[in-house]
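Participant: This is input-v5.txt (compact mmCIF, N, CA and C atoms and all ligand atoms).
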# COMPACT_ATOMS: atom_id res chain seq x y z
N MET A 16 88.06 107.03 226.44
CA MET A 16 87.60 107.26 225.05
C MET A 16 88.75 106.98 224.08
N ASN A 17 88.46 106.12 223.09
CA ASN A 17 89.49 105.85 222.08
C ASN A 17 88.90 105.98 220.67
N VAL A 18 89.75 105.72 219.67
CA VAL A 18 89.34 105.89 218.27
C VAL A 18 88.15 104.99 217.91
N ALA A 19 88.15 103.77 218.44
CA ALA A 19 87.03 102.84 218.15
C ALA A 19 85.70 103.46 218.61
N ALA A 20 85.70 104.10 219.78
CA ALA A 20 84.46 104.71 220.31
C ALA A 20 84.04 105.90 219.45
N ILE A 21 85.01 106.68 219.00
CA ILE A 21 84.68 107.84 218.13
C ILE A 21 84.06 107.34 216.81
N LEU A 22 84.66 106.28 216.25
CA LEU A 22 84.16 105.75 214.98
C LEU A 22 82.77 105.12 215.14
N LYS A 23 82.52 104.56 216.31
CA LYS A 23 81.20 103.97 216.58
C LYS A 23 80.14 105.07 216.52
N ALA A 24 80.49 106.26 217.01
CA ALA A 24 79.53 107.38 217.02
C ALA A 24 79.40 108.03 215.64
N LYS A 25 80.50 108.17 214.90
CA LYS A 25 80.43 108.94 213.64
C LYS A 25 80.35 108.08 212.37
N GLY A 26 80.68 106.80 212.49
CA GLY A 26 80.67 105.94 211.31
C GLY A 26 82.05 105.82 210.69
N ARG A 27 82.14 104.90 209.71
CA ARG A 27 83.46 104.58 209.16
C ARG A 27 83.63 105.02 207.71
N LEU A 28 82.65 105.71 207.21
CA LEU A 28 82.71 106.12 205.80
C LEU A 28 83.82 107.15 205.58
N VAL A 29 84.67 106.89 204.60
CA VAL A 29 85.74 107.84 204.27
C VAL A 29 85.67 108.14 202.78
N THR A 30 85.74 109.42 202.43
CA THR A 30 85.78 109.78 201.01
C THR A 30 87.20 109.56 200.51
N THR A 31 87.32 108.77 199.45
CA THR A 31 88.66 108.39 198.97
C THR A 31 88.83 108.75 197.50
N ALA A 32 90.08 108.68 197.06
CA ALA A 32 90.40 108.85 195.64
C ALA A 32 91.50 107.85 195.31
N ARG A 33 91.75 107.69 194.02
CA ARG A 33 92.88 106.87 193.56
C ARG A 33 93.98 107.81 193.10
N ALA A 34 95.21 107.33 193.16
CA ALA A 34 96.38 108.17 192.88
C ALA A 34 96.31 108.83 191.50
N GLU A 35 95.65 108.15 190.54
CA GLU A 35 95.62 108.67 189.17
C GLU A 35 94.46 109.66 188.94
N ASP A 36 93.57 109.82 189.90
CA ASP A 36 92.45 110.78 189.75
C ASP A 36 93.02 112.20 189.61
N SER A 37 92.33 113.04 188.85
CA SER A 37 92.83 114.40 188.66
C SER A 37 92.60 115.23 189.93
N ILE A 38 93.43 116.24 190.11
CA ILE A 38 93.29 117.13 191.26
C ILE A 38 91.94 117.86 191.17
N GLU A 39 91.50 118.13 189.94
CA GLU A 39 90.20 118.78 189.78
C GLU A 39 89.08 117.89 190.33
N ASP A 40 89.12 116.60 190.02
CA ASP A 40 88.11 115.67 190.53
C ASP A 40 88.13 115.63 192.06
N VAL A 41 89.33 115.62 192.60
CA VAL A 41 89.48 115.59 194.06
C VAL A 41 88.91 116.86 194.68
N ALA A 42 89.20 118.02 194.06
CA ALA A 42 88.68 119.30 194.58
C ALA A 42 87.15 119.29 194.54
N ARG A 43 86.58 118.74 193.47
CA ARG A 43 85.12 118.66 193.36
C ARG A 43 84.54 117.79 194.48
N LYS A 44 85.20 116.65 194.75
CA LYS A 44 84.73 115.76 195.82
C LYS A 44 84.79 116.45 197.17
N ILE A 45 85.90 117.15 197.42
CA ILE A 45 86.08 117.85 198.71
C ILE A 45 84.98 118.91 198.87
N ALA A 46 84.66 119.61 197.78
CA ALA A 46 83.62 120.64 197.84
C ALA A 46 82.24 120.01 198.03
N ALA A 47 81.94 118.97 197.25
CA ALA A 47 80.62 118.35 197.30
C ALA A 47 80.34 117.73 198.67
N LYS A 48 81.35 117.12 199.24
CA LYS A 48 81.16 116.44 200.54
C LYS A 48 81.36 117.37 201.73
N ARG A 49 81.78 118.60 201.45
CA ARG A 49 82.05 119.58 202.52
C ARG A 49 83.00 119.02 203.56
N ILE A 50 84.12 118.48 203.04
CA ILE A 50 85.14 117.92 203.95
C ILE A 50 86.45 118.69 203.72
N GLY A 51 87.44 118.40 204.57
CA GLY A 51 88.71 119.14 204.47
C GLY A 51 89.83 118.35 203.82
N ALA A 52 89.65 117.04 203.74
CA ALA A 52 90.71 116.20 203.17
C ALA A 52 90.14 114.89 202.67
N LEU A 53 90.93 114.25 201.85
CA LEU A 53 90.48 113.02 201.22
C LEU A 53 91.67 112.04 201.23
N VAL A 54 91.38 110.77 201.43
CA VAL A 54 92.46 109.78 201.54
C VAL A 54 92.62 109.06 200.20
N VAL A 55 93.86 108.92 199.77
CA VAL A 55 94.15 108.22 198.52
C VAL A 55 94.50 106.77 198.87
N VAL A 56 93.76 105.85 198.27
CA VAL A 56 93.98 104.42 198.55
C VAL A 56 94.29 103.66 197.26
N ASN A 57 94.90 102.48 197.41
CA ASN A 57 95.11 101.62 196.23
C ASN A 57 93.96 100.62 196.13
N GLU A 58 94.05 99.71 195.17
CA GLU A 58 92.94 98.78 194.92
C GLU A 58 92.71 97.84 196.11
N ALA A 59 93.72 97.68 196.94
CA ALA A 59 93.58 96.79 198.11
C ALA A 59 93.01 97.54 199.32
N GLY A 60 92.81 98.85 199.18
CA GLY A 60 92.28 99.64 200.30
C GLY A 60 93.36 100.15 201.23
N ALA A 61 94.63 100.00 200.84
CA ALA A 61 95.73 100.50 201.67
C ALA A 61 95.93 102.00 201.41
N VAL A 62 96.30 102.73 202.46
CA VAL A 62 96.48 104.18 202.34
C VAL A 62 97.77 104.49 201.57
N GLN A 63 97.63 105.33 200.53
CA GLN A 63 98.81 105.72 199.74
C GLN A 63 99.17 107.17 199.95
N GLY A 64 98.17 107.96 200.35
CA GLY A 64 98.44 109.38 200.54
C GLY A 64 97.23 110.08 201.11
N ILE A 65 97.43 111.36 201.41
CA ILE A 65 96.30 112.19 201.88
C ILE A 65 96.45 113.54 201.20
N VAL A 66 95.31 114.11 200.80
CA VAL A 66 95.35 115.44 200.17
C VAL A 66 94.29 116.29 200.84
N SER A 67 94.70 117.47 201.31
CA SER A 67 93.74 118.35 201.97
C SER A 67 93.53 119.60 201.12
N GLU A 68 92.50 120.35 201.50
CA GLU A 68 92.20 121.59 200.78
C GLU A 68 93.43 122.51 200.76
N ARG A 69 94.23 122.45 201.81
CA ARG A 69 95.44 123.28 201.88
C ARG A 69 96.43 122.93 200.78
N ASP A 70 96.58 121.61 200.50
CA ASP A 70 97.50 121.17 199.45
C ASP A 70 97.05 121.73 198.10
N ILE A 71 95.73 121.72 197.87
CA ILE A 71 95.22 122.16 196.57
C ILE A 71 95.41 123.67 196.41
N VAL A 72 95.09 124.42 197.46
CA VAL A 72 95.27 125.88 197.40
C VAL A 72 96.75 126.22 197.20
N ARG A 73 97.62 125.53 197.95
CA ARG A 73 99.06 125.79 197.82
C ARG A 73 99.55 125.43 196.41
N GLY A 74 99.05 124.29 195.89
CA GLY A 74 99.44 123.85 194.55
C GLY A 74 99.07 124.87 193.50
N ILE A 75 97.85 125.39 193.58
CA ILE A 75 97.40 126.40 192.60
C ILE A 75 98.24 127.67 192.76
N GLY A 76 98.47 128.07 194.02
CA GLY A 76 99.25 129.28 194.29
C GLY A 76 100.67 129.18 193.76
N GLU A 77 101.26 127.99 193.85
CA GLU A 77 102.67 127.83 193.44
C GLU A 77 102.82 127.48 191.97
N LYS A 78 101.92 126.64 191.45
CA LYS A 78 102.11 126.12 190.08
C LYS A 78 101.09 126.64 189.08
N GLY A 79 100.04 127.29 189.57
CA GLY A 79 99.02 127.80 188.65
C GLY A 79 97.86 126.84 188.49
N ILE A 80 96.81 127.32 187.84
CA ILE A 80 95.54 126.62 187.74
C ILE A 80 95.64 125.31 186.92
N ASP A 81 96.66 125.24 186.03
CA ASP A 81 96.82 124.04 185.20
C ASP A 81 97.09 122.79 186.03
N ILE A 82 97.49 123.00 187.27
CA ILE A 82 97.78 121.84 188.14
C ILE A 82 96.53 120.98 188.35
N LEU A 83 95.36 121.58 188.16
CA LEU A 83 94.10 120.85 188.36
C LEU A 83 94.00 119.63 187.45
N ARG A 84 94.74 119.67 186.32
CA ARG A 84 94.67 118.53 185.39
C ARG A 84 95.67 117.42 185.74
N ARG A 85 96.56 117.71 186.68
CA ARG A 85 97.57 116.72 187.06
C ARG A 85 96.95 115.65 187.98
N PRO A 86 97.56 114.48 188.05
CA PRO A 86 97.04 113.46 188.99
C PRO A 86 97.29 113.87 190.43
N VAL A 87 96.42 113.40 191.32
CA VAL A 87 96.52 113.79 192.73
C VAL A 87 97.82 113.28 193.36
N SER A 88 98.42 112.26 192.76
CA SER A 88 99.70 111.74 193.28
C SER A 88 100.79 112.82 193.25
N ASP A 89 100.63 113.85 192.37
CA ASP A 89 101.60 114.95 192.29
C ASP A 89 101.55 115.85 193.53
N LEU A 90 100.42 115.84 194.21
CA LEU A 90 100.16 116.82 195.26
C LEU A 90 100.03 116.20 196.65
N MET A 91 99.65 114.94 196.69
CA MET A 91 99.31 114.34 197.99
C MET A 91 100.55 114.19 198.88
N THR A 92 100.29 114.16 200.18
CA THR A 92 101.35 113.84 201.15
C THR A 92 101.44 112.33 201.20
N LYS A 93 102.65 111.81 200.92
CA LYS A 93 102.79 110.34 200.83
C LYS A 93 103.15 109.71 202.17
N ASN A 94 103.77 110.51 203.01
CA ASN A 94 104.16 110.01 204.34
C ASN A 94 103.01 110.21 205.31
N VAL A 95 102.01 109.38 205.23
CA VAL A 95 100.79 109.62 206.01
C VAL A 95 100.93 109.04 207.43
N VAL A 96 100.61 109.86 208.41
CA VAL A 96 100.56 109.39 209.80
C VAL A 96 99.17 108.80 210.00
N THR A 97 99.11 107.54 210.37
CA THR A 97 97.82 106.87 210.59
C THR A 97 97.71 106.47 212.07
N CYS A 98 96.53 105.98 212.44
CA CYS A 98 96.38 105.51 213.82
C CYS A 98 95.60 104.20 213.80
N SER A 99 95.56 103.57 214.96
CA SER A 99 94.77 102.34 215.10
C SER A 99 93.51 102.66 215.90
N GLU A 100 92.63 101.71 216.00
CA GLU A 100 91.39 101.91 216.77
C GLU A 100 91.67 102.03 218.27
N GLN A 101 92.85 101.60 218.68
CA GLN A 101 93.18 101.60 220.11
C GLN A 101 93.76 102.94 220.58
N HIS A 102 94.08 103.82 219.65
CA HIS A 102 94.63 105.12 220.06
C HIS A 102 93.63 105.88 220.93
N SER A 103 94.15 106.53 221.98
CA SER A 103 93.26 107.28 222.88
C SER A 103 93.03 108.69 222.33
N LEU A 104 92.00 109.34 222.88
CA LEU A 104 91.68 110.72 222.50
C LEU A 104 92.89 111.63 222.75
N ASP A 105 93.54 111.45 223.90
CA ASP A 105 94.71 112.26 224.25
C ASP A 105 95.85 112.04 223.24
N GLU A 106 96.06 110.79 222.86
CA GLU A 106 97.12 110.50 221.87
C GLU A 106 96.81 111.18 220.54
N MET A 107 95.54 111.16 220.15
CA MET A 107 95.14 111.79 218.88
C MET A 107 95.38 113.30 218.91
N MET A 108 95.09 113.90 220.07
CA MET A 108 95.33 115.35 220.20
C MET A 108 96.82 115.64 220.05
N GLY A 109 97.64 114.78 220.66
CA GLY A 109 99.10 114.94 220.58
C GLY A 109 99.61 114.78 219.16
N VAL A 110 99.12 113.76 218.46
CA VAL A 110 99.55 113.47 217.08
C VAL A 110 99.21 114.66 216.16
N MET A 111 97.99 115.19 216.30
CA MET A 111 97.56 116.29 215.43
C MET A 111 98.30 117.59 215.76
N THR A 112 98.52 117.83 217.06
CA THR A 112 99.22 119.05 217.45
C THR A 112 100.67 119.00 216.97
N GLN A 113 101.32 117.86 217.17
CA GLN A 113 102.74 117.72 216.77
C GLN A 113 102.90 117.77 215.26
N GLY A 114 102.02 117.06 214.54
CA GLY A 114 102.14 116.99 213.09
C GLY A 114 101.57 118.20 212.37
N ARG A 115 100.81 119.04 213.10
CA ARG A 115 100.17 120.23 212.52
C ARG A 115 99.25 119.87 211.36
N PHE A 116 98.51 118.77 211.52
CA PHE A 116 97.48 118.44 210.53
C PHE A 116 96.19 118.09 211.25
N ARG A 117 95.09 118.11 210.50
CA ARG A 117 93.76 117.99 211.11
C ARG A 117 93.04 116.70 210.80
N HIS A 118 93.73 115.78 210.13
CA HIS A 118 93.08 114.52 209.74
C HIS A 118 94.03 113.34 209.95
N VAL A 119 93.50 112.26 210.50
CA VAL A 119 94.32 111.05 210.67
C VAL A 119 93.50 109.83 210.25
N PRO A 120 93.93 109.16 209.16
CA PRO A 120 93.22 107.95 208.75
C PRO A 120 93.43 106.81 209.76
N VAL A 121 92.39 106.01 209.94
CA VAL A 121 92.47 104.86 210.84
C VAL A 121 92.72 103.62 209.98
N VAL A 122 93.71 102.85 210.39
CA VAL A 122 94.06 101.65 209.61
C VAL A 122 93.87 100.40 210.47
N VAL A 123 93.16 99.43 209.89
CA VAL A 123 92.96 98.13 210.55
C VAL A 123 93.37 97.04 209.55
N ASP A 124 94.25 96.17 209.96
CA ASP A 124 94.75 95.09 209.09
C ASP A 124 95.27 95.63 207.76
N GLY A 125 95.96 96.75 207.82
CA GLY A 125 96.58 97.32 206.61
C GLY A 125 95.62 98.05 205.69
N LYS A 126 94.35 98.16 206.10
CA LYS A 126 93.36 98.82 205.23
C LYS A 126 92.72 100.01 205.91
N LEU A 127 92.34 101.01 205.11
CA LEU A 127 91.64 102.18 205.63
C LEU A 127 90.33 101.75 206.28
N ALA A 128 90.12 102.20 207.54
CA ALA A 128 88.92 101.75 208.27
C ALA A 128 88.18 102.92 208.91
N GLY A 129 88.53 104.15 208.55
CA GLY A 129 87.86 105.32 209.12
C GLY A 129 88.80 106.51 209.07
N ILE A 130 88.29 107.65 209.53
CA ILE A 130 89.15 108.84 209.61
C ILE A 130 88.73 109.66 210.82
N ILE A 131 89.72 110.22 211.49
CA ILE A 131 89.47 111.08 212.65
C ILE A 131 89.91 112.49 212.28
N SER A 132 89.01 113.45 212.46
CA SER A 132 89.36 114.85 212.17
C SER A 132 89.54 115.60 213.48
N ILE A 133 90.13 116.77 213.40
CA ILE A 133 90.31 117.58 214.60
C ILE A 133 88.94 117.93 215.21
N GLY A 134 87.93 118.06 214.35
CA GLY A 134 86.57 118.35 214.82
C GLY A 134 86.05 117.23 215.71
N ASP A 135 86.30 115.98 215.31
CA ASP A 135 85.87 114.83 216.12
C ASP A 135 86.57 114.84 217.47
N VAL A 136 87.87 115.12 217.44
CA VAL A 136 88.67 115.10 218.66
C VAL A 136 88.19 116.19 219.62
N VAL A 137 87.98 117.40 219.11
CA VAL A 137 87.54 118.52 219.95
C VAL A 137 86.15 118.22 220.53
N LYS A 138 85.26 117.72 219.67
CA LYS A 138 83.88 117.42 220.12
C LYS A 138 83.89 116.43 221.29
N HIS A 139 84.64 115.34 221.16
CA HIS A 139 84.66 114.33 222.22
C HIS A 139 85.43 114.80 223.44
N HIS A 140 86.42 115.64 223.21
CA HIS A 140 87.17 116.19 224.35
C HIS A 140 86.26 117.08 225.19
N ILE A 141 85.49 117.93 224.53
CA ILE A 141 84.57 118.83 225.26
C ILE A 141 83.54 117.99 226.02
N ALA A 142 83.01 116.95 225.39
CA ALA A 142 82.02 116.09 226.05
C ALA A 142 82.63 115.44 227.29
N ALA A 143 83.89 114.99 227.18
CA ALA A 143 84.55 114.34 228.32
C ALA A 143 84.77 115.34 229.46
N VAL A 144 85.17 116.57 229.11
CA VAL A 144 85.40 117.60 230.14
C VAL A 144 84.08 117.95 230.83
N GLN A 145 83.01 118.05 230.04
CA GLN A 145 81.69 118.38 230.61
C GLN A 145 81.22 117.30 231.58
N LEU A 146 81.48 116.04 231.20
CA LEU A 146 81.12 114.91 232.06
C LEU A 146 81.86 115.00 233.39
N GLU A 147 83.14 115.36 233.29
CA GLU A 147 83.97 115.48 234.49
C GLU A 147 83.46 116.61 235.39
N VAL A 148 83.09 117.74 234.78
CA VAL A 148 82.58 118.89 235.54
C VAL A 148 81.30 118.50 236.27
N THR A 149 80.40 117.80 235.56
CA THR A 149 79.13 117.37 236.16
C THR A 149 79.40 116.44 237.35
N ALA A 150 80.32 115.50 237.17
CA ALA A 150 80.65 114.54 238.24
C ALA A 150 81.23 115.28 239.44
N MET A 151 82.11 116.26 239.18
CA MET A 151 82.72 117.05 240.27
C MET A 151 81.65 117.84 241.03
N ARG A 152 80.71 118.44 240.26
CA ARG A 152 79.64 119.23 240.90
C ARG A 152 78.79 118.34 241.80
N GLU A 153 78.46 117.15 241.28
CA GLU A 153 77.64 116.22 242.06
C GLU A 153 78.37 115.78 243.31
N TYR A 154 79.65 115.52 243.15
CA TYR A 154 80.48 115.10 244.28
C TYR A 154 80.51 116.19 245.36
N LEU A 155 80.70 117.44 244.92
CA LEU A 155 80.76 118.56 245.88
C LEU A 155 79.40 118.80 246.54
N ALA A 156 78.33 118.63 245.75
CA ALA A 156 76.99 118.87 246.27
C ALA A 156 76.58 117.83 247.31
N THR A 157 77.03 116.59 247.10
CA THR A 157 76.64 115.53 248.02
C THR A 157 77.62 115.38 249.18
N GLY A 158 78.83 115.93 249.01
CA GLY A 158 79.86 115.81 250.06
C GLY A 158 79.55 116.73 251.20
P1 LIG B 1 95.18 119.38 207.02
O1 LIG B 1 95.43 120.00 208.34
O2 LIG B 1 94.52 118.06 207.09
O3 LIG B 1 94.52 120.34 206.07
O4 LIG B 1 96.64 119.05 206.40
C1 LIG B 1 97.71 119.96 206.43
C2 LIG B 1 98.88 119.32 205.70
O5 LIG B 1 99.24 118.09 206.34
C3 LIG B 1 98.61 118.94 204.23
O6 LIG B 1 99.81 119.08 203.50
C4 LIG B 1 98.21 117.48 204.29
O7 LIG B 1 98.50 116.76 203.11
C5 LIG B 1 99.06 116.98 205.45
N1 LIG B 1 98.40 115.94 206.22
C6 LIG B 1 97.10 115.88 206.59
N2 LIG B 1 96.85 114.81 207.32
C7 LIG B 1 98.01 114.13 207.43
C8 LIG B 1 98.41 112.90 208.07
N3 LIG B 1 97.56 112.17 208.78
N4 LIG B 1 99.71 112.52 207.95
C9 LIG B 1 100.59 113.26 207.26
N5 LIG B 1 100.28 114.42 206.64
C10 LIG B 1 99.01 114.86 206.73
Can you give me the file's structure in the form of structure tokens?
Ligand code: AMP

Facilitator:
Amino acid sequence: MNVAAILKAKGRLVTTARAEDSIEDVARKIAAKRIGALVVVNEAGAVQGIVSERDIVRGIGEKGIDILRRPVSDLMTKNVVTCSEQHSLDEMMGVMTQGRFRHVPVVVDGKLAGIISIGDVVKHHIAAVQLEVTAMREYLATG
């Protein structure tokens, strides 16, 4: 199982923003779409940053509610860890555990091509483990 297979099942749609969008607009998008993070891209579709609900809560907690009027570039993480379609499920689990984040944008030819969340990784991991258990049971039953 790799990133390409996960994207085939869930689709490639990613909710994005531009660096100059207000943090308030980004918070509204995150709420409306019921997602945990949003990817900031430039006009060419290249990843410029990522902003999660945690960044917004921390920003308000540290700087106050007026931060909502600031551009999202003030708050986003600019050093974004991305992955390719060839990354395996195990590699994705390692990347998220080490980086302590729950979202990884997928980049193909320098452009945003999908996003993998910790929910996707856990879901496919459980499915793979269940498949293995079923195969083991069948093997033991027929052996
Ligand atoms: P999350 O777990 O996605 O809510 O993100 C927790 C923190 O990590 C926030 O500060 C995010 O901006 C940051 N973050 C999320 N995803 C990534 C990523 N792929 N690369 C780098 N930082 C990230």

Participant: From the options A:Val29, A:Ile80, A:Ala156, A:Ile71, which residue's atoms come nearest to ligand LIG 1 (chain B), counting all atoms listed in the file?

Facilitator: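 Distance minimum relative to ligand LIG 1 (chain B) lands on A:Ile71.
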
Participant: Neighbours of Thr97 in chain A within 7 Å (only C-alpha atoms; same-chain residues fewer than 2 positions away dropped), as an MDAnalysis selection string?

Facilitator: chainID A and resid 95 119:122

Participant: Work out where the centre of an axis-aligned box around every listed atom of ligand LIG 1 (chain B) lies and how long its edges are once 6 Å is added on each side; give both in Å to one decimal as lines of an AutoDock Vina configuration file.

Facilitator:
center_x = 97.6
center_y = 116.3
center_z = 205.9
size_x = 18.1
size_y = 20.2
size_z = 17.7

Participant: Name the residues, by chain letter and number, that sit within 8 Å of ligand LIG 1 (chain B) using only C-alpha atoms and all ligand atoms, and give them as a PDB file with N, CA and C atoms, in the coordinates of the input.

Facilitator:
ATOM      1  N   GLY A  51      87.440 118.400 204.570  1.00  0.00           N
ATOM      2  CA  GLY A  51      88.710 119.140 204.470  1.00  0.00           C
ATOM      3  C   GLY A  51      89.830 118.350 203.820  1.00  0.00           C
ATOM      4  N   ALA A  52      89.650 117.040 203.740  1.00  0.00           N
ATOM      5  CA  ALA A  52      90.710 116.200 203.170  1.00  0.00           C
ATOM      6  C   ALA A  52      90.140 114.890 202.670  1.00  0.00           C
ATOM      7  N   GLY A  64      98.170 107.960 200.350  1.00  0.00           N
ATOM      8  CA  GLY A  64      98.440 109.380 200.540  1.00  0.00           C
ATOM      9  C   GLY A  64      97.230 110.080 201.110  1.00  0.00           C
ATOM     10  N   ILE A  65      97.430 111.360 201.410  1.00  0.00           N
ATOM     11  CA  ILE A  65      96.300 112.190 201.880  1.00  0.00           C
ATOM     12  C   ILE A  65      96.450 113.540 201.200  1.00  0.00           C
ATOM     13  N   VAL A  66      95.310 114.110 200.800  1.00  0.00           N
ATOM     14  CA  VAL A  66      95.350 115.440 200.170  1.00  0.00           C
ATOM     15  C   VAL A  66      94.290 116.290 200.840  1.00  0.00           C
ATOM     16  N   SER A  67      94.700 117.470 201.310  1.00  0.00           N
ATOM     17  CA  SER A  67      93.740 118.350 201.970  1.00  0.00           C
ATOM     18  C   SER A  67      93.530 119.600 201.120  1.00  0.00           C
ATOM     19  N   GLU A  68      92.500 120.350 201.500  1.00  0.00           N
ATOM     20  CA  GLU A  68      92.200 121.590 200.780  1.00  0.00           C
ATOM     21  C   GLU A  68      93.430 122.510 200.760  1.00  0.00           C
ATOM     22  N   ARG A  69      94.230 122.450 201.810  1.00  0.00           N
ATOM     23  CA  ARG A  69      95.440 123.280 201.880  1.00  0.00           C
ATOM     24  C   ARG A  69      96.430 122.930 200.780  1.00  0.00           C
ATOM     25  N   ASP A  70      96.580 121.610 200.500  1.00  0.00           N
ATOM     26  CA  ASP A  70      97.500 121.170 199.450  1.00  0.00           C
ATOM     27  C   ASP A  70      97.050 121.730 198.100  1.00  0.00           C
ATOM     28  N   MET A  91      99.650 114.940 196.690  1.00  0.00           N
ATOM     29  CA  MET A  91      99.310 114.340 197.990  1.00  0.00           C
ATOM     30  C   MET A  91     100.550 114.190 198.880  1.00  0.00           C
ATOM     31  N   THR A  92     100.290 114.160 200.180  1.00  0.00           N
ATOM     32  CA  THR A  92     101.350 113.840 201.150  1.00  0.00           C
ATOM     33  C   THR A  92     101.440 112.330 201.200  1.00  0.00           C
ATOM     34  N   LYS A  93     102.650 111.810 200.920  1.00  0.00           N
ATOM     35  CA  LYS A  93     102.790 110.340 200.830  1.00  0.00           C
ATOM     36  C   LYS A  93     103.150 109.710 202.170  1.00  0.00           C
ATOM     37  N   ASN A  94     103.770 110.510 203.010  1.00  0.00           N
ATOM     38  CA  ASN A  94     104.160 110.010 204.340  1.00  0.00           C
ATOM     39  C   ASN A  94     103.010 110.210 205.310  1.00  0.00           C
ATOM     40  N   VAL A  95     102.010 109.380 205.230  1.00  0.00           N
ATOM     41  CA  VAL A  95     100.790 109.620 206.010  1.00  0.00           C
ATOM     42  C   VAL A  95     100.930 109.040 207.430  1.00  0.00           C
ATOM     43  N   VAL A  96     100.610 109.860 208.410  1.00  0.00           N
ATOM     44  CA  VAL A  96     100.560 109.390 209.800  1.00  0.00           C
ATOM     45  C   VAL A  96      99.170 108.800 210.000  1.00  0.00           C
ATOM     46  N   THR A  97      99.110 107.540 210.370  1.00  0.00           N
ATOM     47  CA  THR A  97      97.820 106.870 210.590  1.00  0.00           C
ATOM     48  C   THR A  97      97.710 106.470 212.070  1.00  0.00           C
ATOM     49  N   MET A 111      97.990 115.190 216.300  1.00  0.00           N
ATOM     50  CA  MET A 111      97.560 116.290 215.430  1.00  0.00           C
ATOM     51  C   MET A 111      98.300 117.590 215.760  1.00  0.00           C
ATOM     52  N   GLY A 114     102.020 117.060 214.540  1.00  0.00           N
ATOM     53  CA  GLY A 114     102.140 116.990 213.090  1.00  0.00           C
ATOM     54  C   GLY A 114     101.570 118.200 212.370  1.00  0.00           C
ATOM     55  N   ARG A 115     100.810 119.040 213.100  1.00  0.00           N
ATOM     56  CA  ARG A 115     100.170 120.230 212.520  1.00  0.00           C
ATOM     57  C   ARG A 115      99.250 119.870 211.360  1.00  0.00           C
ATOM     58  N   PHE A 116      98.510 118.770 211.520  1.00  0.00           N
ATOM     59  CA  PHE A 116      97.480 118.440 210.530  1.00  0.00           C
ATOM     60  C   PHE A 116      96.190 118.090 211.250  1.00  0.00           C
ATOM     61  N   ARG A 117      95.090 118.110 210.500  1.00  0.00           N
ATOM     62  CA  ARG A 117      93.760 117.990 211.110  1.00  0.00           C
ATOM     63  C   ARG A 117      93.040 116.700 210.800  1.00  0.00           C
ATOM     64  N   HIS A 118      93.730 115.780 210.130  1.00  0.00           N
ATOM     65  CA  HIS A 118      93.080 114.520 209.740  1.00  0.00           C
ATOM     66  C   HIS A 118      94.030 113.340 209.950  1.00  0.00           C
ATOM     67  N   VAL A 119      93.500 112.260 210.500  1.00  0.00           N
ATOM     68  CA  VAL A 119      94.320 111.050 210.670  1.00  0.00           C
ATOM     69  C   VAL A 119      93.500 109.830 210.250  1.00  0.00           C
ATOM     70  N   PRO A 120      93.930 109.160 209.160  1.00  0.00           N
ATOM     71  CA  PRO A 120      93.220 107.950 208.750  1.00  0.00           C
ATOM     72  C   PRO A 120      93.430 106.810 209.760  1.00  0.00           C
ATOM     73  N   SER A 132      89.010 113.450 212.460  1.00  0.00           N
ATOM     74  CA  SER A 132      89.360 114.850 212.170  1.00  0.00           C
ATOM     75  C   SER A 132      89.540 115.600 213.480  1.00  0.00           C
TER      76      SER A 132
END

Participant: Please compute the CA of Met108 in chain A-CA of Lys48 in chain A distance, one decimal, in Å.

Facilitator: 24.3 Å

Participant: Mind giving me the straight-line distance from atom C of Ala61 in chain A to CA of Leu127 in chain A in Å, one decimal?

Facilitator: 6.0 Å

Participant: Provide the CA of Pro86 in chain A to CA of Val62 in chain A distance in Å, to one decimal place.

Facilitator: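 Atom-to-atom, CA of Pro86 in chain A to CA of Val62 in chain A, that is 16.3 Å.
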
Participant: Could you tell me which of A:Val136, A:Ala34, A:Met151, A:Leu22 comes closest to Val87 in chain A if we count only N, CA and C atoms?

Facilitator: A:Ala34

Participant: As a ChimeraX atom specification, please: all residues of range 74-125 of chain A that backbone DSSP puts in strand (DSSP E).

Facilitator: /A:118-123

Participant: Return as number ranges by chain the full set of residues in chain A whose backbone-based DSSP assignment is helix (DSSP H, G or I).

Facilitator: A: 18-25, 38-48, 68-78, 80-84, 87-89, 104-114, 133-157

Participant: I need the residue nearest Ile38 in chain A from this list: A:Glu58, A:Glu153, A:Asp89, A:Glu77. Use only N, CA and C atoms for the distance.

Facilitator: A:Asp89
